[in-house]
Amino acid sequence: MDSTEHPALLPRLHLFELMDQPWYPRAARNLSTDYLHTVSTRMGLFDAAVDVLAKGLQASGTDTLVDLCSGGQGPVPGLQRLLEARHGLKTRAVLTDLYPNAEAAGQARAEGATYLSRPVDARRVPEDLRGMRTLFNALHHFRPEEVREVLEDAQRRGESFAAFEVVHRTPGGVLGTLLVPLLVLLFTPFVRPLTPLRLLFTYAVPLAPLALAWDGLVSTLRAHRPEELKALTRSLQRPGYTWEVGEVREKGKGAVTYVLGMPARRALRASPPRWE
């Protein structure tokens with residue numbers, strides 16, 4: 001279903017997502033973010049993003065991806081491999097989150113990435129974090145005025161920016177969330193680490209499937225439609241920095257909505273020092 005259909009049928013509802021709440025137990029949050037990392041990687045949900053990423057990297061002259069709202073890593077390590085295979089771009093990755101997943105840090109290191117232990121707010125990224133900023137399935141966590149803050153911060157600093165969403169505020173998108181509990185049951189054996197706690201709260205006491213189903217439904221109802229994002233980026237246009245909004249897809253996979261911001265093309269910058 002085309003995500004430009006039904007513009008008035010589903011107004012945006014900013015209901016609460018469990019993973020957004022500061023009181024939500026870290027262990028429960030990690031159950032969700034680790035699952036989402038596994039699904040996005042194994043299903044290649046964001047593979048279509050690689051050409052958009054390459055465009056932003058080449059425009060900004062950086063070899064570093066600063067991923068925001070990384071959760072349990074997200075798709076960045078896999079996309080780094082695709083960037084090298086398809087575009088010959090070798091990249092470094094720094095993963096960040098407002099609620100860092102400490103358990104995912106070790107796996108990130110094994111993948112060659114750095115996962116910062118300090119909280120990072122996507123609306124006010126610390127000045128020492130230089131590189132192309134990315135968000136994967138995270139823009140819907142922000143209200144429209146907060147999305148503007150996220151985009152403005154990247155533009156003000158002259159950093160390339162790309163956000164990608166695979167949730168769509170359409171009737172089909174809402175109906176698709178009914179499959180989430182089944183997907184959680186099917187994909188949990190592939191999640192690492194596969195702990196007794198994860199098995200308990202997935203199969204014996206199905207809290208994880210229910211929590212992910214709720215957050216999946218809310219994510220769909222929160223999603224920003226492409227025309228809404230286009231209106232927002234038009235209001236941000238400034239000399240020396242451009243914005244574009246669109247959709248990309250790979251054969252056999254769903255559409256990925258993207259927002260791409262790029263500074264005027266410049267020469268490759270030296271890699272910044274490693275972060276801790």
# chains A, B, ... in the order shown; residues from 1 in each chain; ligands from 1
call {"tool": "closest_atom_pairs", "arguments": {"of": "stretch 151-186 of chain A", "to": "stretch 43-61 of chain A", "cutoff": "10 Å", "atoms": "only C-alpha atoms", "output": "Markdown table"}}
result
| residue | atom | partner | partner_atom | distance |
| --- | --- | --- | --- | --- |
| A:Gly158 | CA | A:Ser60 | CA | 8.3 |
| A:Glu159 | CA | A:Ser60 | CA | 6.7 |
| A:Ser160 | CA | A:Gly56 | CA | 5.7 |
| A:Phe161 | CA | A:Gly56 | CA | 7.1 |
| A:Ala162 | CA | A:Leu53 | CA | 7.0 |
| A:Ala163 | CA | A:Ala49 | CA | 9.3 |
| A:Phe164 | CA | A:Ala49 | CA | 7.3 |
| A:Glu165 | CA | A:Phe46 | CA | 8.5 |
| A:Val166 | CA | A:Leu45 | CA | 7.4 |
call {"tool": "write_last_selection", "arguments": {"atoms": "C-alpha atoms", "output": "mmCIF file, in the first residue's frame"}}
result
data_model
loop_
_atom_site.group_PDB
_atom_site.id
_atom_site.type_symbol
_atom_site.label_atom_id
_atom_site.label_comp_id
_atom_site.auth_asym_id
_atom_site.auth_seq_id
_atom_site.Cartn_x
_atom_site.Cartn_y
_atom_site.Cartn_z
ATOM 1 C CA GLY A 158 26.960 21.049 9.172
ATOM 2 C CA GLU A 159 26.733 17.271 9.531
ATOM 3 C CA SER A 160 25.005 14.963 7.066
ATOM 4 C CA PHE A 161 21.858 13.384 8.492
ATOM 5 C CA ALA A 162 19.712 10.422 7.483
ATOM 6 C CA ALA A 163 16.666 8.946 9.205
ATOM 7 C CA PHE A 164 14.928 5.801 7.984
ATOM 8 C CA GLU A 165 11.530 4.398 8.942
ATOM 9 C CA VAL A 166 9.951 1.051 8.052
#
call {"tool": "select_by_dssp", "arguments": {"residues": "stretch 71-231 of chain A", "states": "strand (DSSP E)", "output": "ChimeraX atom specification"}}
result
/A:92-95,114-115,132-136,161-165
call {"tool": "residues_around", "arguments": {"residues": "A:Asn137", "least_positions_apart": "2", "cutoff": "12 Å", "atoms": "only C-alpha atoms", "output": "PyMOL selection string"}}
result
chain A and resi 33+36-37+40+45-46+49+67-71+74-76+134-135+139-142+162-168+216+219-220+222-224+256-259
call {"tool": "write_last_selection", "arguments": {"atoms": "N, CA, C and O atoms", "output": "compact mmCIF listing (two decimals), in the first residue's frame"}}
result
# COMPACT_ATOMS: atom_id res chain seq x y z
N THR A 33 14.89 -4.21 22.42
CA THR A 33 15.87 -3.66 21.47
C THR A 33 16.74 -4.76 20.86
O THR A 33 17.08 -4.68 19.67
N LEU A 36 14.62 -6.33 18.13
CA LEU A 36 14.51 -5.47 16.96
C LEU A 36 15.78 -5.47 16.13
O LEU A 36 15.74 -5.44 14.90
N HIS A 37 16.94 -5.52 16.81
CA HIS A 37 18.21 -5.63 16.09
C HIS A 37 18.26 -6.91 15.28
O HIS A 37 18.65 -6.91 14.10
N SER A 40 15.71 -6.71 12.22
CA SER A 40 16.13 -5.78 11.16
C SER A 40 17.33 -6.31 10.40
O SER A 40 17.45 -6.12 9.18
N LEU A 45 15.76 -5.33 6.65
CA LEU A 45 14.71 -4.33 6.51
C LEU A 45 15.22 -3.00 6.00
O LEU A 45 14.49 -2.25 5.33
N PHE A 46 16.49 -2.68 6.32
CA PHE A 46 17.03 -1.37 5.95
C PHE A 46 18.08 -1.45 4.84
O PHE A 46 18.79 -0.48 4.60
N ALA A 49 18.49 1.30 2.39
CA ALA A 49 19.02 2.59 2.86
C ALA A 49 20.45 2.83 2.41
O ALA A 49 20.96 3.95 2.51
N ASP A 67 25.41 6.90 14.96
CA ASP A 67 24.03 6.40 15.01
C ASP A 67 23.38 6.82 16.31
O ASP A 67 23.93 6.61 17.40
N LEU A 68 22.21 7.41 16.22
CA LEU A 68 21.44 7.88 17.37
C LEU A 68 20.29 6.92 17.64
O LEU A 68 19.76 6.31 16.72
N CYS A 69 19.90 6.79 18.90
CA CYS A 69 18.80 5.89 19.28
C CYS A 69 19.10 4.47 18.81
O CYS A 69 18.24 3.79 18.23
N SER A 70 20.32 3.99 19.08
CA SER A 70 20.76 2.70 18.54
C SER A 70 20.11 1.50 19.20
O SER A 70 20.07 0.42 18.59
N GLY A 71 19.63 1.63 20.44
CA GLY A 71 19.02 0.48 21.10
C GLY A 71 19.99 -0.67 21.21
O GLY A 71 21.09 -0.55 21.73
N GLY A 74 20.89 -2.08 16.25
CA GLY A 74 20.24 -1.72 15.01
C GLY A 74 20.98 -2.28 13.80
O GLY A 74 21.84 -3.15 13.92
N PRO A 75 20.70 -1.77 12.60
CA PRO A 75 21.24 -2.36 11.38
C PRO A 75 22.58 -1.80 10.93
O PRO A 75 23.08 -2.20 9.88
N VAL A 76 23.19 -0.89 11.69
CA VAL A 76 24.39 -0.20 11.20
C VAL A 76 25.53 -1.15 10.83
O VAL A 76 26.13 -1.01 9.75
N THR A 134 22.71 9.20 11.92
CA THR A 134 21.69 8.31 11.41
C THR A 134 20.70 7.94 12.51
O THR A 134 21.04 7.91 13.69
N LEU A 135 19.48 7.68 12.09
CA LEU A 135 18.45 7.12 12.97
C LEU A 135 17.70 6.05 12.19
O LEU A 135 17.30 6.29 11.05
N LEU A 139 12.65 7.95 14.33
CA LEU A 139 12.13 9.30 14.19
C LEU A 139 10.71 9.42 14.74
O LEU A 139 10.30 10.48 15.22
N HIS A 140 9.95 8.33 14.69
CA HIS A 140 8.58 8.38 15.18
C HIS A 140 8.51 8.54 16.70
O HIS A 140 7.44 8.83 17.24
N HIS A 141 9.63 8.34 17.39
CA HIS A 141 9.64 8.54 18.83
C HIS A 141 9.49 10.02 19.19
O HIS A 141 9.18 10.35 20.33
N PHE A 142 9.73 10.90 18.22
CA PHE A 142 9.75 12.34 18.47
C PHE A 142 8.49 13.00 17.92
O PHE A 142 8.03 12.68 16.81
N ALA A 162 20.65 11.30 8.17
CA ALA A 162 19.71 10.42 7.48
C ALA A 162 18.89 9.66 8.51
O ALA A 162 19.45 9.06 9.43
N ALA A 163 17.58 9.71 8.36
CA ALA A 163 16.67 8.95 9.21
C ALA A 163 15.85 8.03 8.31
O ALA A 163 15.41 8.44 7.23
N PHE A 164 15.64 6.80 8.76
CA PHE A 164 14.93 5.80 7.98
C PHE A 164 13.84 5.17 8.83
O PHE A 164 14.06 4.85 10.00
N GLU A 165 12.66 4.99 8.23
CA GLU A 165 11.53 4.40 8.94
C GLU A 165 10.93 3.27 8.11
O GLU A 165 10.72 3.44 6.89
N VAL A 166 10.65 2.13 8.74
CA VAL A 166 9.95 1.05 8.05
C VAL A 166 8.53 0.89 8.58
O VAL A 166 7.81 -0.02 8.15
N VAL A 167 8.12 1.76 9.50
CA VAL A 167 6.73 1.77 9.95
C VAL A 167 6.00 2.87 9.19
O VAL A 167 6.56 3.95 8.94
N HIS A 168 4.76 2.60 8.80
CA HIS A 168 4.00 3.54 7.97
C HIS A 168 2.60 3.72 8.56
O HIS A 168 1.94 2.72 8.90
N GLY A 216 4.81 -1.68 18.77
CA GLY A 216 4.72 -1.69 17.32
C GLY A 216 3.48 -0.96 16.83
O GLY A 216 3.55 -0.19 15.85
N SER A 219 4.06 2.75 17.44
CA SER A 219 5.02 3.27 16.48
C SER A 219 4.34 3.58 15.15
O SER A 219 4.62 4.61 14.51
N THR A 220 3.44 2.70 14.72
CA THR A 220 2.73 2.91 13.47
C THR A 220 1.85 4.15 13.54
O THR A 220 1.80 4.95 12.60
N ARG A 222 2.31 6.66 15.43
CA ARG A 222 3.17 7.84 15.61
C ARG A 222 3.92 8.23 14.34
O ARG A 222 4.48 9.32 14.26
N ALA A 223 4.01 7.33 13.38
CA ALA A 223 4.88 7.53 12.22
C ALA A 223 4.56 8.84 11.50
O ALA A 223 3.39 9.22 11.35
N HIS A 224 5.60 9.51 11.05
CA HIS A 224 5.45 10.75 10.29
C HIS A 224 5.33 10.41 8.81
O HIS A 224 6.18 9.70 8.25
N VAL A 256 10.99 1.88 2.55
CA VAL A 256 11.69 2.56 3.64
C VAL A 256 11.57 4.06 3.38
O VAL A 256 12.03 4.56 2.36
N THR A 257 10.92 4.77 4.29
CA THR A 257 10.85 6.23 4.20
C THR A 257 12.14 6.82 4.73
O THR A 257 12.66 6.36 5.74
N TYR A 258 12.66 7.84 4.03
CA TYR A 258 13.91 8.43 4.50
C TYR A 258 13.85 9.95 4.47
O TYR A 258 13.12 10.56 3.68
N VAL A 259 14.63 10.55 5.36
CA VAL A 259 14.92 11.98 5.36
C VAL A 259 16.43 12.11 5.27
O VAL A 259 17.15 11.53 6.09
call {"tool": "closest_residue", "arguments": {"among": "A:Ala255, A:Leu98, A:Val66, A:Leu83", "to": "A:Ala154", "atoms": "only C-alpha atoms"}}
result
A:Val66
call {"tool": "residues_around", "arguments": {"residues": "stretch 201-209 of chain A", "least_positions_apart": "4", "cutoff": "7 Å", "atoms": "only C-alpha atoms", "output": "list in words"}}
result
Leu31, Ser32, Pro181, Val184, Leu185, Leu197 and Ala213 of chain A
call {"tool": "closest_residue", "arguments": {"among": "A:Ala104, A:Ala122, A:Leu221, A:Leu200", "to": "A:Glu149", "atoms": "only C-alpha atoms"}}
result
A:Ala122
call {"tool": "select_by_dssp", "arguments": {"residues": "stretch 158-236 of chain A", "states": "helix (DSSP H, G or I)", "output": "VMD selection string"}}
result
chain A and resid 171 to 190 196 to 204 207 to 222 226 to 234
call {"tool": "atom_distance", "arguments": {"atom1": "atom CA of A:Ala113", "atom2": "atom CA of A:Pro77"}}
result
7.3 Å
call {"tool": "closest_residue", "arguments": {"among": "A:Arg143, A:Leu217, A:Tyr24, A:Leu199", "to": "A:Thr177", "atoms": "only C-alpha atoms"}}
result
A:Leu217
call {"tool": "residues_around", "arguments": {"residues": "A:Pro144", "least_positions_apart": "5", "cutoff": "12 Å", "atoms": "only C-alpha atoms", "output": "PyMOL selection string"}}
result
chain A and resi 12-14+139+149-151+222-225+228-233
call {"tool": "closest_residue", "arguments": {"among": "A:Arg148, A:Arg198, A:His87, A:Arg29", "to": "A:Leu236", "atoms": "only C-alpha atoms"}}
result
A:Arg148
call {"tool": "closest_residue", "arguments": {"among": "A:Thr188, A:Val94, A:Thr242, A:Asn101", "to": "A:Asp128", "atoms": "only C-alpha atoms"}}
result
A:Val94
call {"tool": "atom_distance", "arguments": {"atom1": "atom CA of A:Leu65", "atom2": "atom CA of A:Ala105"}}
result
16.1 Å
